[in-house]
Every structure is written in C-alpha cells, then in structure tokens.
file work22.pdb (PDB, C-alpha atoms and all ligand atoms)
ATOM      1  CA  MET A 939      38.958   3.870  13.656  1.00  0.00           C
ATOM      2  CA  ASN A 940      38.897   7.401  15.063  1.00  0.00           C
ATOM      3  CA  ILE A 941      39.075   7.936  18.797  1.00  0.00           C
ATOM      4  CA  ILE A 942      38.841  10.913  21.121  1.00  0.00           C
ATOM      5  CA  LEU A 943      40.452  10.940  24.554  1.00  0.00           C
ATOM      6  CA  LEU A 944      38.864  13.146  27.180  1.00  0.00           C
ATOM      7  CA  ALA A 945      40.519  13.470  30.537  1.00  0.00           C
ATOM      8  CA  PRO A 946      40.995  15.934  33.373  1.00  0.00           C
ATOM      9  CA  PRO A 947      44.508  17.200  34.090  1.00  0.00           C
ATOM     10  CA  ALA A 948      46.817  14.468  35.468  1.00  0.00           C
ATOM     11  CA  ALA A 949      44.480  11.600  34.643  1.00  0.00           C
ATOM     12  CA  GLY A 950      47.177   9.917  32.568  1.00  0.00           C
ATOM     13  CA  LYS A 951      45.962  10.948  29.132  1.00  0.00           C
ATOM     14  CA  GLY A 952      49.463  11.197  27.665  1.00  0.00           C
ATOM     15  CA  THR A 953      50.321   7.654  28.717  1.00  0.00           C
ATOM     16  CA  GLN A 954      47.104   6.180  27.329  1.00  0.00           C
ATOM     17  CA  ALA A 955      47.544   8.122  24.089  1.00  0.00           C
ATOM     18  CA  LYS A 956      50.976   6.592  23.636  1.00  0.00           C
ATOM     19  CA  PHE A 957      49.710   3.066  24.381  1.00  0.00           C
ATOM     20  CA  LEU A 958      46.826   3.456  21.914  1.00  0.00           C
ATOM     21  CA  GLU A 959      49.024   4.944  19.241  1.00  0.00           C
ATOM     22  CA  ASN A 960      51.357   1.954  19.397  1.00  0.00           C
ATOM     23  CA  GLU A 961      48.736  -0.739  19.708  1.00  0.00           C
ATOM     24  CA  TYR A 962      46.450   0.378  16.881  1.00  0.00           C
ATOM     25  CA  HIS A 963      48.814   2.453  14.710  1.00  0.00           C
ATOM     26  CA  LEU A 964      46.745   5.571  15.171  1.00  0.00           C
ATOM     27  CA  ASN A 965      47.886   9.058  14.248  1.00  0.00           C
ATOM     28  CA  HIS A 966      48.077  10.908  17.501  1.00  0.00           C
ATOM     29  CA  LEU A 967      46.640  14.300  16.660  1.00  0.00           C
ATOM     30  CA  SER A 968      47.392  16.636  19.515  1.00  0.00           C
ATOM     31  CA  THR A 969      46.281  20.165  18.699  1.00  0.00           C
ATOM     32  CA  GLY A 970      48.903  21.514  21.107  1.00  0.00           C
ATOM     33  CA  ASP A 971      51.713  19.772  19.193  1.00  0.00           C
ATOM     34  CA  LEU A 972      50.198  20.747  15.862  1.00  0.00           C
ATOM     35  CA  LEU A 973      50.072  24.415  16.820  1.00  0.00           C
ATOM     36  CA  ARG A 974      53.651  24.423  18.078  1.00  0.00           C
ATOM     37  CA  GLN A 975      54.774  22.733  14.882  1.00  0.00           C
ATOM     38  CA  VAL A 976      52.960  25.175  12.605  1.00  0.00           C
ATOM     39  CA  ALA A 977      54.294  28.131  14.582  1.00  0.00           C
ATOM     40  CA  ARG A 978      57.807  27.101  13.522  1.00  0.00           C
ATOM     41  CA  GLU A 979      56.884  27.070   9.827  1.00  0.00           C
ATOM     42  CA  ASP A 980      57.682  29.988   7.572  1.00  0.00           C
ATOM     43  CA  SER A 981      54.165  30.522   6.247  1.00  0.00           C
ATOM     44  CA  GLU A 982      51.390  33.047   6.653  1.00  0.00           C
ATOM     45  CA  LEU A 983      49.487  30.676   8.909  1.00  0.00           C
ATOM     46  CA  GLY A 984      52.635  29.862  10.886  1.00  0.00           C
ATOM     47  CA  GLN A 985      53.251  33.535  11.487  1.00  0.00           C
ATOM     48  CA  LYS A 986      49.667  34.080  12.643  1.00  0.00           C
ATOM     49  CA  VAL A 987      49.751  31.141  15.046  1.00  0.00           C
ATOM     50  CA  LYS A 988      53.132  32.201  16.408  1.00  0.00           C
ATOM     51  CA  GLU A 989      51.850  35.700  17.178  1.00  0.00           C
ATOM     52  CA  THR A 990      48.699  34.407  18.825  1.00  0.00           C
ATOM     53  CA  LEU A 991      50.592  31.929  20.992  1.00  0.00           C
ATOM     54  CA  SER A 992      53.279  34.372  22.037  1.00  0.00           C
ATOM     55  CA  ASN A 993      50.627  36.907  23.040  1.00  0.00           C
ATOM     56  CA  GLY A 994      49.158  34.230  25.284  1.00  0.00           C
ATOM     57  CA  ASN A 995      45.885  34.239  23.352  1.00  0.00           C
ATOM     58  CA  LEU A 996      43.777  31.252  22.419  1.00  0.00           C
ATOM     59  CA  VAL A 997      44.010  30.258  18.796  1.00  0.00           C
ATOM     60  CA  SER A 998      40.638  30.675  17.106  1.00  0.00           C
ATOM     61  CA  ASP A 999      38.444  27.718  16.200  1.00  0.00           C
ATOM     62  CA  GLU A1000      38.790  28.690  12.562  1.00  0.00           C
ATOM     63  CA  ILE A1001      42.579  28.296  12.574  1.00  0.00           C
ATOM     64  CA  ILE A1002      42.323  25.016  14.450  1.00  0.00           C
ATOM     65  CA  PHE A1003      39.915  23.633  11.830  1.00  0.00           C
ATOM     66  CA  GLN A1004      42.211  24.793   9.063  1.00  0.00           C
ATOM     67  CA  LEU A1005      45.118  22.995  10.707  1.00  0.00           C
ATOM     68  CA  ILE A1006      43.229  19.790  11.301  1.00  0.00           C
ATOM     69  CA  ASP A1007      41.815  19.748   7.810  1.00  0.00           C
ATOM     70  CA  HIS A1008      45.273  20.330   6.370  1.00  0.00           C
ATOM     71  CA  TYR A1009      46.853  17.673   8.587  1.00  0.00           C
ATOM     72  CA  MET A1010      44.223  15.111   7.666  1.00  0.00           C
ATOM     73  CA  ALA A1011      44.613  15.826   3.968  1.00  0.00           C
ATOM     74  CA  GLU A1012      48.368  15.290   4.211  1.00  0.00           C
ATOM     75  CA  THR A1013      48.212  12.126   6.281  1.00  0.00           C
ATOM     76  CA  LYS A1014      47.915   8.806   4.501  1.00  0.00           C
ATOM     77  CA  ASN A1015      46.937   6.668   7.464  1.00  0.00           C
ATOM     78  CA  HIS A1016      43.423   7.794   8.293  1.00  0.00           C
ATOM     79  CA  GLN A1017      43.027   6.555  11.805  1.00  0.00           C
ATOM     80  CA  PHE A1018      43.166   9.329  14.310  1.00  0.00           C
ATOM     81  CA  LEU A1019      43.495   9.716  18.001  1.00  0.00           C
ATOM     82  CA  PHE A1020      42.305  13.188  18.949  1.00  0.00           C
ATOM     83  CA  ASP A1021      43.884  14.645  22.044  1.00  0.00           C
ATOM     84  CA  GLY A1022      43.033  18.120  23.342  1.00  0.00           C
ATOM     85  CA  PHE A1023      40.387  18.515  20.681  1.00  0.00           C
ATOM     86  CA  PRO A1024      37.462  19.058  20.405  1.00  0.00           C
ATOM     87  CA  ARG A1025      37.177  21.449  23.329  1.00  0.00           C
ATOM     88  CA  ASN A1026      33.623  22.643  22.788  1.00  0.00           C
ATOM     89  CA  ILE A1027      30.416  21.712  21.015  1.00  0.00           C
ATOM     90  CA  LEU A1028      31.142  23.844  17.965  1.00  0.00           C
ATOM     91  CA  GLN A1029      34.487  22.079  17.537  1.00  0.00           C
ATOM     92  CA  ALA A1030      32.841  18.681  18.030  1.00  0.00           C
ATOM     93  CA  GLN A1031      30.221  19.438  15.382  1.00  0.00           C
ATOM     94  CA  THR A1032      32.812  20.765  12.958  1.00  0.00           C
ATOM     95  CA  LEU A1033      34.964  17.693  13.501  1.00  0.00           C
ATOM     96  CA  ASP A1034      31.941  15.530  12.676  1.00  0.00           C
ATOM     97  CA  ASP A1035      31.497  17.553   9.479  1.00  0.00           C
ATOM     98  CA  ILE A1036      35.167  17.340   8.494  1.00  0.00           C
ATOM     99  CA  LEU A1037      35.095  13.576   9.034  1.00  0.00           C
ATOM    100  CA  SER A1038      31.809  12.980   7.262  1.00  0.00           C
ATOM    101  CA  GLU A1039      33.091  14.835   4.180  1.00  0.00           C
ATOM    102  CA  ARG A1040      35.694  12.078   4.075  1.00  0.00           C
ATOM    103  CA  CYS A1041      33.101   9.379   4.787  1.00  0.00           C
ATOM    104  CA  GLU A1042      34.584   8.866   8.218  1.00  0.00           C
ATOM    105  CA  LYS A1043      33.343   9.304  11.750  1.00  0.00           C
ATOM    106  CA  ILE A1044      34.294   9.269  15.405  1.00  0.00           C
ATOM    107  CA  ASP A1045      33.992   5.693  16.625  1.00  0.00           C
ATOM    108  CA  ALA A1046      34.557   6.103  20.319  1.00  0.00           C
ATOM    109  CA  VAL A1047      35.190   8.715  22.967  1.00  0.00           C
ATOM    110  CA  PHE A1048      37.033   7.499  26.044  1.00  0.00           C
ATOM    111  CA  LEU A1049      36.597   9.502  29.192  1.00  0.00           C
ATOM    112  CA  LEU A1050      39.286   8.796  31.775  1.00  0.00           C
ATOM    113  CA  ASP A1051      37.394   8.985  35.012  1.00  0.00           C
ATOM    114  CA  VAL A1052      39.392   9.895  38.120  1.00  0.00           C
ATOM    115  CA  THR A1053      38.104  11.608  41.258  1.00  0.00           C
ATOM    116  CA  GLU A1054      39.115  15.192  41.901  1.00  0.00           C
ATOM    117  CA  GLU A1055      40.746  14.202  45.187  1.00  0.00           C
ATOM    118  CA  CYS A1056      42.940  11.636  43.505  1.00  0.00           C
ATOM    119  CA  LEU A1057      43.952  14.023  40.707  1.00  0.00           C
ATOM    120  CA  LYS A1058      44.939  16.649  43.216  1.00  0.00           C
ATOM    121  CA  LYS A1059      47.166  14.148  44.994  1.00  0.00           C
ATOM    122  CA  ARG A1060      48.768  13.076  41.732  1.00  0.00           C
ATOM    123  CA  ILE A1061      49.465  16.638  40.681  1.00  0.00           C
ATOM    124  CA  THR A1062      50.931  17.892  43.894  1.00  0.00           C
ATOM    125  CA  GLY A1063      53.106  14.761  44.232  1.00  0.00           C
ATOM    126  CA  ARG A1064      54.462  14.840  40.690  1.00  0.00           C
ATOM    127  CA  ARG A1065      58.216  15.278  40.229  1.00  0.00           C
ATOM    128  CA  LEU A1066      60.113  15.430  36.949  1.00  0.00           C
ATOM    129  CA  CYS A1067      63.726  14.873  36.054  1.00  0.00           C
ATOM    130  CA  LYS A1068      65.482  17.912  34.585  1.00  0.00           C
ATOM    131  CA  ASN A1069      67.776  15.699  32.591  1.00  0.00           C
ATOM    132  CA  CYS A1070      65.938  12.650  31.227  1.00  0.00           C
ATOM    133  CA  GLY A1071      62.289  13.661  31.639  1.00  0.00           C
ATOM    134  CA  ALA A1072      61.419  10.718  33.898  1.00  0.00           C
ATOM    135  CA  ILE A1073      58.202  11.246  35.871  1.00  0.00           C
ATOM    136  CA  TYR A1074      57.766  10.262  39.525  1.00  0.00           C
ATOM    137  CA  ASN A1075      55.148  10.694  42.183  1.00  0.00           C
ATOM    138  CA  VAL A1076      56.132  11.083  45.792  1.00  0.00           C
ATOM    139  CA  THR A1077      52.599  10.260  46.997  1.00  0.00           C
ATOM    140  CA  GLU A1078      52.416   6.895  45.234  1.00  0.00           C
ATOM    141  CA  PRO A1079      54.584   4.038  46.487  1.00  0.00           C
ATOM    142  CA  SER A1080      54.967   2.476  43.022  1.00  0.00           C
ATOM    143  CA  LEU A1081      56.103   5.753  41.436  1.00  0.00           C
ATOM    144  CA  LYS A1082      58.170   7.131  44.266  1.00  0.00           C
ATOM    145  CA  PRO A1083      61.878   7.783  43.641  1.00  0.00           C
ATOM    146  CA  LYS A1084      64.310   6.308  46.170  1.00  0.00           C
ATOM    147  CA  ASN A1085      65.340   9.806  47.138  1.00  0.00           C
ATOM    148  CA  GLU A1086      62.647  12.491  46.797  1.00  0.00           C
ATOM    149  CA  SER A1087      64.909  14.931  44.983  1.00  0.00           C
ATOM    150  CA  ILE A1088      67.076  12.622  42.826  1.00  0.00           C
ATOM    151  CA  CYS A1089      66.230  10.745  39.614  1.00  0.00           C
ATOM    152  CA  ASP A1090      66.550   6.949  39.982  1.00  0.00           C
ATOM    153  CA  LYS A1091      67.411   6.587  36.312  1.00  0.00           C
ATOM    154  CA  CYS A1092      70.126   9.170  35.772  1.00  0.00           C
ATOM    155  CA  GLY A1093      70.959  10.701  39.153  1.00  0.00           C
ATOM    156  CA  HIS A1094      69.999  14.251  38.215  1.00  0.00           C
ATOM    157  CA  GLU A1095      67.873  16.593  40.274  1.00  0.00           C
ATOM    158  CA  LEU A1096      64.083  16.312  40.283  1.00  0.00           C
ATOM    159  CA  TYR A1097      61.810  19.322  40.165  1.00  0.00           C
ATOM    160  CA  GLN A1098      58.162  20.180  40.529  1.00  0.00           C
ATOM    161  CA  ARG A1099      56.428  21.912  37.625  1.00  0.00           C
ATOM    162  CA  GLU A1100      55.404  25.429  38.525  1.00  0.00           C
ATOM    163  CA  ASP A1101      51.729  24.819  37.799  1.00  0.00           C
ATOM    164  CA  ASP A1102      51.649  21.504  39.689  1.00  0.00           C
ATOM    165  CA  ASN A1103      50.174  23.041  42.797  1.00  0.00           C
ATOM    166  CA  GLU A1104      46.732  22.880  44.357  1.00  0.00           C
ATOM    167  CA  LYS A1105      45.622  26.349  43.350  1.00  0.00           C
ATOM    168  CA  SER A1106      46.595  25.972  39.734  1.00  0.00           C
ATOM    169  CA  PHE A1107      45.066  22.503  39.667  1.00  0.00           C
ATOM    170  CA  GLU A1108      41.735  23.856  40.842  1.00  0.00           C
ATOM    171  CA  ILE A1109      41.703  26.458  38.061  1.00  0.00           C
ATOM    172  CA  ARG A1110      42.610  23.874  35.436  1.00  0.00           C
ATOM    173  CA  TYR A1111      40.066  21.412  36.792  1.00  0.00           C
ATOM    174  CA  ARG A1112      37.222  23.926  36.799  1.00  0.00           C
ATOM    175  CA  GLU A1113      38.090  24.930  33.248  1.00  0.00           C
ATOM    176  CA  TYR A1114      38.143  21.265  32.220  1.00  0.00           C
ATOM    177  CA  LYS A1115      34.739  20.638  33.792  1.00  0.00           C
ATOM    178  CA  LYS A1116      33.227  23.648  32.094  1.00  0.00           C
ATOM    179  CA  GLN A1117      34.551  22.674  28.683  1.00  0.00           C
ATOM    180  CA  THR A1118      34.084  18.946  28.873  1.00  0.00           C
ATOM    181  CA  GLU A1119      30.692  18.432  30.442  1.00  0.00           C
ATOM    182  CA  PRO A1120      28.757  19.531  27.335  1.00  0.00           C
ATOM    183  CA  LEU A1121      30.998  17.297  25.209  1.00  0.00           C
ATOM    184  CA  ILE A1122      30.318  14.304  27.426  1.00  0.00           C
ATOM    185  CA  GLU A1123      26.617  14.871  26.875  1.00  0.00           C
ATOM    186  CA  TYR A1124      27.115  15.369  23.138  1.00  0.00           C
ATOM    187  CA  TYR A1125      28.909  12.043  22.682  1.00  0.00           C
ATOM    188  CA  ARG A1126      26.733  10.192  25.159  1.00  0.00           C
ATOM    189  CA  LYS A1127      23.702  11.039  23.042  1.00  0.00           C
ATOM    190  CA  GLN A1128      25.483   9.542  20.046  1.00  0.00           C
ATOM    191  CA  ASN A1129      26.222   6.385  22.076  1.00  0.00           C
ATOM    192  CA  LYS A1130      29.934   6.888  21.597  1.00  0.00           C
ATOM    193  CA  LEU A1131      30.990   7.695  25.118  1.00  0.00           C
ATOM    194  CA  TYR A1132      32.831   5.125  27.238  1.00  0.00           C
ATOM    195  CA  SER A1133      33.639   6.152  30.746  1.00  0.00           C
ATOM    196  CA  ILE A1134      36.746   4.330  31.960  1.00  0.00           C
ATOM    197  CA  ASP A1135      37.445   4.004  35.641  1.00  0.00           C
ATOM    198  CA  SER A1136      41.022   5.258  35.631  1.00  0.00           C
ATOM    199  CA  MET A1137      41.913   5.021  39.291  1.00  0.00           C
ATOM    200  CA  ALA A1138      44.062   1.989  38.512  1.00  0.00           C
ATOM    201  CA  LYS A1139      47.561   1.486  37.137  1.00  0.00           C
ATOM    202  CA  ALA A1140      48.117   2.725  33.580  1.00  0.00           C
ATOM    203  CA  GLU A1141      48.383  -0.824  32.208  1.00  0.00           C
ATOM    204  CA  GLU A1142      45.058  -1.784  33.775  1.00  0.00           C
ATOM    205  CA  VAL A1143      43.359   1.337  32.427  1.00  0.00           C
ATOM    206  CA  PHE A1144      44.729   0.535  28.984  1.00  0.00           C
ATOM    207  CA  HIS A1145      43.420  -3.010  29.266  1.00  0.00           C
ATOM    208  CA  ARG A1146      39.941  -1.633  30.018  1.00  0.00           C
ATOM    209  CA  ILE A1147      40.108   0.548  26.913  1.00  0.00           C
ATOM    210  CA  THR A1148      41.350  -2.209  24.617  1.00  0.00           C
ATOM    211  CA  SER A1149      38.651  -4.623  25.820  1.00  0.00           C
ATOM    212  CA  ILE A1150      36.039  -2.130  24.685  1.00  0.00           C
ATOM    213  CA  ILE A1151      37.759  -1.543  21.362  1.00  0.00           C
ATOM    214  CA  GLU A1152      38.070  -5.262  20.651  1.00  0.00           C
ATOM    215  CA  LYS A1153      34.494  -5.923  21.690  1.00  0.00           C
ATOM    216  CA  GLU A1154      32.743  -2.999  20.059  1.00  0.00           C
ATOM    217  CA  MET A1155      34.872  -1.774  17.216  1.00  0.00           C
ATOM    218  CA  ILE A1156      37.111  -4.318  15.631  1.00  0.00           C
ATOM    219  CA  LYS A1157      35.079  -6.599  13.488  1.00  0.00           C
TER
HETATM  220 ZN    ZN B   1      66.657  11.433  35.060  1.00  0.00          ZN
END
call {"tool": "encode", "arguments": {"input": "work22.pdb", "output": "structure tokens"}}
result
Amino acid sequence: MNIILLAPPAAGKGTQAKFLENEYHLNHLSTGDLLRQVAREDSELGQKVKETLSNGNLVSDEIIFQLIDHYMAETKNHQFLFDGFPRNILQAQTLDDILSERCEKIDAVFLLDVTEECLKKRITGRRLCKNCGAIYNVTEPSLKPKNESICDKCGHELYQREDDNEKSFEIRYREYKKQTEPLIEYYRKQNKLYSIDSMAKAEEVFHRITSIIEKEMIK
C-alpha cells in the first residue's frame, strides 16, 4: 500500500502521518527529512544538496527523483507514505513511473480538508515548548496550556514560531493552493483522491482515514 498525504499548512499532516506509519507499518517518506539527511552525507550528491539548501534555493526535481529512487531501492519494506511530495504534476507523473517500474502504484491520496479560517486560527494560536517540543494551541480549549507562556509538561517557556503569523500563513496557503490544486485534479481523475473532513480532533480524522483504508484497500 502506497499513500500520499496532501494537506495545507497546519492541517495536522504530521500527526496523521505518524498515526498511519504506526498503524500500517508504512515508511514515512518525507522529502524534507530526506534532503536534510542527504545534506549531512559526505558524497557528491550530499554536497550539492547542502549547497542548494544553504543558498535558500529549491532542490531540482531531478535531484528529488534521484533521492527517492535511491531511498526506495535501499528500503526493504515497500509500503510508502509520501509526505511533501509530489508537489507538482511532473513529480506526480514521475512518481507513477518510478512505482510502475517496480510493479507498484499509488493506492490512495488523502486530502486533509480544513477551511482557511480554521487553519489561520490554528496557526496564530500555536505555541511550542523550547525544551520538550510539546505543541499547544491557545485558541483551542482542549489544547490550551494552563498558563499561556508555560509548558504543562515540563514547566519551560513556550514560544511562537516566527512564521506562525497571519501574513506568513497567507503566503504559505496561497503557495499550497497553487501547487496542490492541479494534483487534486490529477488524482481525482485516477479515482484515488479521498477528501477527509479534518475539522475534527486528530483521532477522529485518523478514524475517517482508516475506515476508508479498511473498506477500499485491505482485502
Ligand atoms: Zn515542555
């Protein structure tokens, strides 16, 4: 089973990826993580990626394909959860090609559907712990820390990520829309797209995803 997760910023993609990874023993293939990992390696490719990233440039599609191909060849368990990839139609088509060379395919694409208004609220209310990484949200009663600036778990100070503001959200959201809309169409035409209402608690969203997987994919 190979799955793609598509989601706007702050829709809870990281949480769902973790749930899915554990439940179905999928390899979570995050291109962001993969790039950071390769950049630390002492190889020609590592050097190239490191330079590109530190110059603030986007890594080319070609390098991304190379990485994914390499990662898939090295991984024994061939069940992938793609996160942050594909980002455009060319990448989606190439991924289809890479998979079909291995007699595999994408089985489902889950789109976490959350309104823009709700995402904005989540982003601007998000607080993180400097010490233990715990995540809170001051706009949501169930995720609110007892004291807005102190971590409930370890007592350290909470902070707001620099790009967790309305202006930066709008830029990220527009970029997401531009990139993702053609992909939604691409996978919808292949009957692989499942839009998941994700305005609920993470556990409920996960339940919606697993119901589809059990019903449609696990025979
Ligand atoms: Zn903490």
call {"tool": "residues_near_point", "arguments": {"input": "work22.pdb", "point": "(45.4, 15.8, 7.5)", "cutoff": "12 Å", "atoms": "all atoms listed in the file", "output": "number ranges by chain"}}
result
A: 965-967, 972, 1002-1018, 1036-1037, 1040
call {"tool": "residues_near_ligand", "arguments": {"input": "work22.pdb", "ligand": "ligand ZN 1 (chain B)", "cutoff": "7 Å", "atoms": "only C-alpha atoms and all ligand atoms", "output": "list in words"}}
result
Cys1067, Lys1068, Asn1069, Cys1070, Gly1071, Ala1072, Cys1089, Asp1090, Lys1091, Cys1092, Gly1093 and His1094 of chain A
call {"tool": "atom_distance", "arguments": {"input": "work22.pdb", "atom1": "CA of Gln1117 in chain A", "atom2": "CA of Leu944 in chain A"}}
result
10.6 Å
call {"tool": "atom_distance", "arguments": {"input": "work22.pdb", "atom1": "CA of Glu1108 in chain A", "atom2": "CA of Leu1057 in chain A"}}
result
10.1 Å
call {"tool": "closest_residue", "arguments": {"input": "work22.pdb", "among": "A:Asp1035, A:Asp1135, A:Glu1123, A:Glu1055", "to": "Ile1147 in chain A", "atoms": "only C-alpha atoms"}}
result
A:Asp1135
call {"tool": "axis_aligned_box", "arguments": {"input": "work22.pdb", "around": "range 972-985 of chain A", "padding_each_side": "4 Å", "output": "lines of an AutoDock Vina configuration file"}}
result
center_x = 53.6
center_y = 27.1
center_z = 12.2
size_x = 16.3
size_y = 20.8
size_z = 19.8
call {"tool": "closest_residue", "arguments": {"input": "work22.pdb", "among": "A:Pro947, A:Phe1144, A:Ser1136, A:Phe1023", "to": "Asn960 in chain A", "atoms": "all atoms listed in the file"}}
result
A:Phe1144
call {"tool": "residues_around", "arguments": {"input": "work22.pdb", "residues": "Asp999 in chain A", "least_positions_apart": "4", "cutoff": "12 Å", "atoms": "all atoms listed in the file", "output": "list in words"}}
result
Thr969, Val987, Phe1003, Gln1004, Leu1005, Ile1006, Phe1023, Pro1024, Arg1025, Asn1026, Ile1027, Leu1028, Gln1029, Ala1030, Gln1031, Thr1032 and Leu1033 of chain A
call {"tool": "residues_around", "arguments": {"input": "work22.pdb", "residues": "Val997 in chain A", "least_positions_apart": "3", "cutoff": "10 Å", "atoms": "only C-alpha atoms", "output": "list in words"}}
result
Leu973, Lys986, Val987, Lys988, Glu989, Thr990, Leu991, Gly994, Glu1000, Ile1001 and Ile1002 of chain A
call {"tool": "atom_distance", "arguments": {"input": "work22.pdb", "atom1": "CA of Asp1021 in chain A", "atom2": "CA of Ala955 in chain A"}}
result
7.8 Å
call {"tool": "closest_residue", "arguments": {"input": "work22.pdb", "among": "A:Thr1077, A:Arg1065, A:Met939, A:Lys951", "to": "Glu1152 in chain A", "atoms": "all atoms listed in the file"}}
result
A:Met939
call {"tool": "closest_residue", "arguments": {"input": "work22.pdb", "among": "A:Ala1046, A:Met1137, A:Glu1086, A:Asp1101", "to": "Glu1154 in chain A", "atoms": "only C-alpha atoms"}}
result
A:Ala1046
call {"tool": "decode", "arguments": {"input": "work22.pdb", "residues": "range 1001-1042 of chain A", "atoms": "C-alpha atoms", "output": "PDB file, in the first residue's frame"}}
result
ATOM      1  CA  ILE A1001      17.705  15.517  -7.526  1.00  0.00           C
ATOM      2  CA  ILE A1002      14.482  14.726  -5.701  1.00  0.00           C
ATOM      3  CA  PHE A1003      13.775  11.824  -8.079  1.00  0.00           C
ATOM      4  CA  GLN A1004      17.308  10.561  -7.637  1.00  0.00           C
ATOM      5  CA  LEU A1005      16.872  10.621  -3.870  1.00  0.00           C
ATOM      6  CA  ILE A1006      13.516   8.905  -3.901  1.00  0.00           C
ATOM      7  CA  ASP A1007      14.674   6.259  -6.320  1.00  0.00           C
ATOM      8  CA  HIS A1008      17.743   5.613  -4.190  1.00  0.00           C
ATOM      9  CA  TYR A1009      15.723   5.512  -0.968  1.00  0.00           C
ATOM     10  CA  MET A1010      13.211   3.089  -2.431  1.00  0.00           C
ATOM     11  CA  ALA A1011      15.943   0.813  -3.730  1.00  0.00           C
ATOM     12  CA  GLU A1012      17.539   0.680  -0.283  1.00  0.00           C
ATOM     13  CA  THR A1013      14.334   0.112   1.646  1.00  0.00           C
ATOM     14  CA  LYS A1014      13.117  -3.431   2.139  1.00  0.00           C
ATOM     15  CA  ASN A1015       9.593  -2.660   3.276  1.00  0.00           C
ATOM     16  CA  HIS A1016       7.893  -1.331   0.171  1.00  0.00           C
ATOM     17  CA  GLN A1017       4.937   0.456   1.617  1.00  0.00           C
ATOM     18  CA  PHE A1018       5.322   4.174   1.479  1.00  0.00           C
ATOM     19  CA  LEU A1019       3.669   7.187   2.920  1.00  0.00           C
ATOM     20  CA  PHE A1020       4.630  10.194   0.823  1.00  0.00           C
ATOM     21  CA  ASP A1021       4.662  13.490   2.647  1.00  0.00           C
ATOM     22  CA  GLY A1022       5.614  16.765   0.957  1.00  0.00           C
ATOM     23  CA  PHE A1023       5.898  15.014  -2.374  1.00  0.00           C
ATOM     24  CA  PRO A1024       4.781  15.138  -5.143  1.00  0.00           C
ATOM     25  CA  ARG A1025       4.462  18.908  -5.325  1.00  0.00           C
ATOM     26  CA  ASN A1026       3.551  19.260  -8.985  1.00  0.00           C
ATOM     27  CA  ILE A1027       2.208  17.281 -11.913  1.00  0.00           C
ATOM     28  CA  LEU A1028       5.638  16.437 -13.289  1.00  0.00           C
ATOM     29  CA  GLN A1029       6.626  14.980  -9.915  1.00  0.00           C
ATOM     30  CA  ALA A1030       3.342  13.064  -9.699  1.00  0.00           C
ATOM     31  CA  GLN A1031       3.858  11.564 -13.155  1.00  0.00           C
ATOM     32  CA  THR A1032       7.464  10.672 -12.413  1.00  0.00           C
ATOM     33  CA  LEU A1033       6.441   9.053  -9.142  1.00  0.00           C
ATOM     34  CA  ASP A1034       3.906   6.962 -11.064  1.00  0.00           C
ATOM     35  CA  ASP A1035       6.708   5.922 -13.425  1.00  0.00           C
ATOM     36  CA  ILE A1036       9.147   5.088 -10.625  1.00  0.00           C
ATOM     37  CA  LEU A1037       6.476   2.981  -8.925  1.00  0.00           C
ATOM     38  CA  SER A1038       5.296   1.225 -12.059  1.00  0.00           C
ATOM     39  CA  GLU A1039       8.879   0.180 -12.867  1.00  0.00           C
ATOM     40  CA  ARG A1040       8.663  -1.707  -9.584  1.00  0.00           C
ATOM     41  CA  CYS A1041       5.170  -3.005 -10.371  1.00  0.00           C
ATOM     42  CA  GLU A1042       3.740  -0.773  -7.686  1.00  0.00           C
TER      43      GLU A1042
END
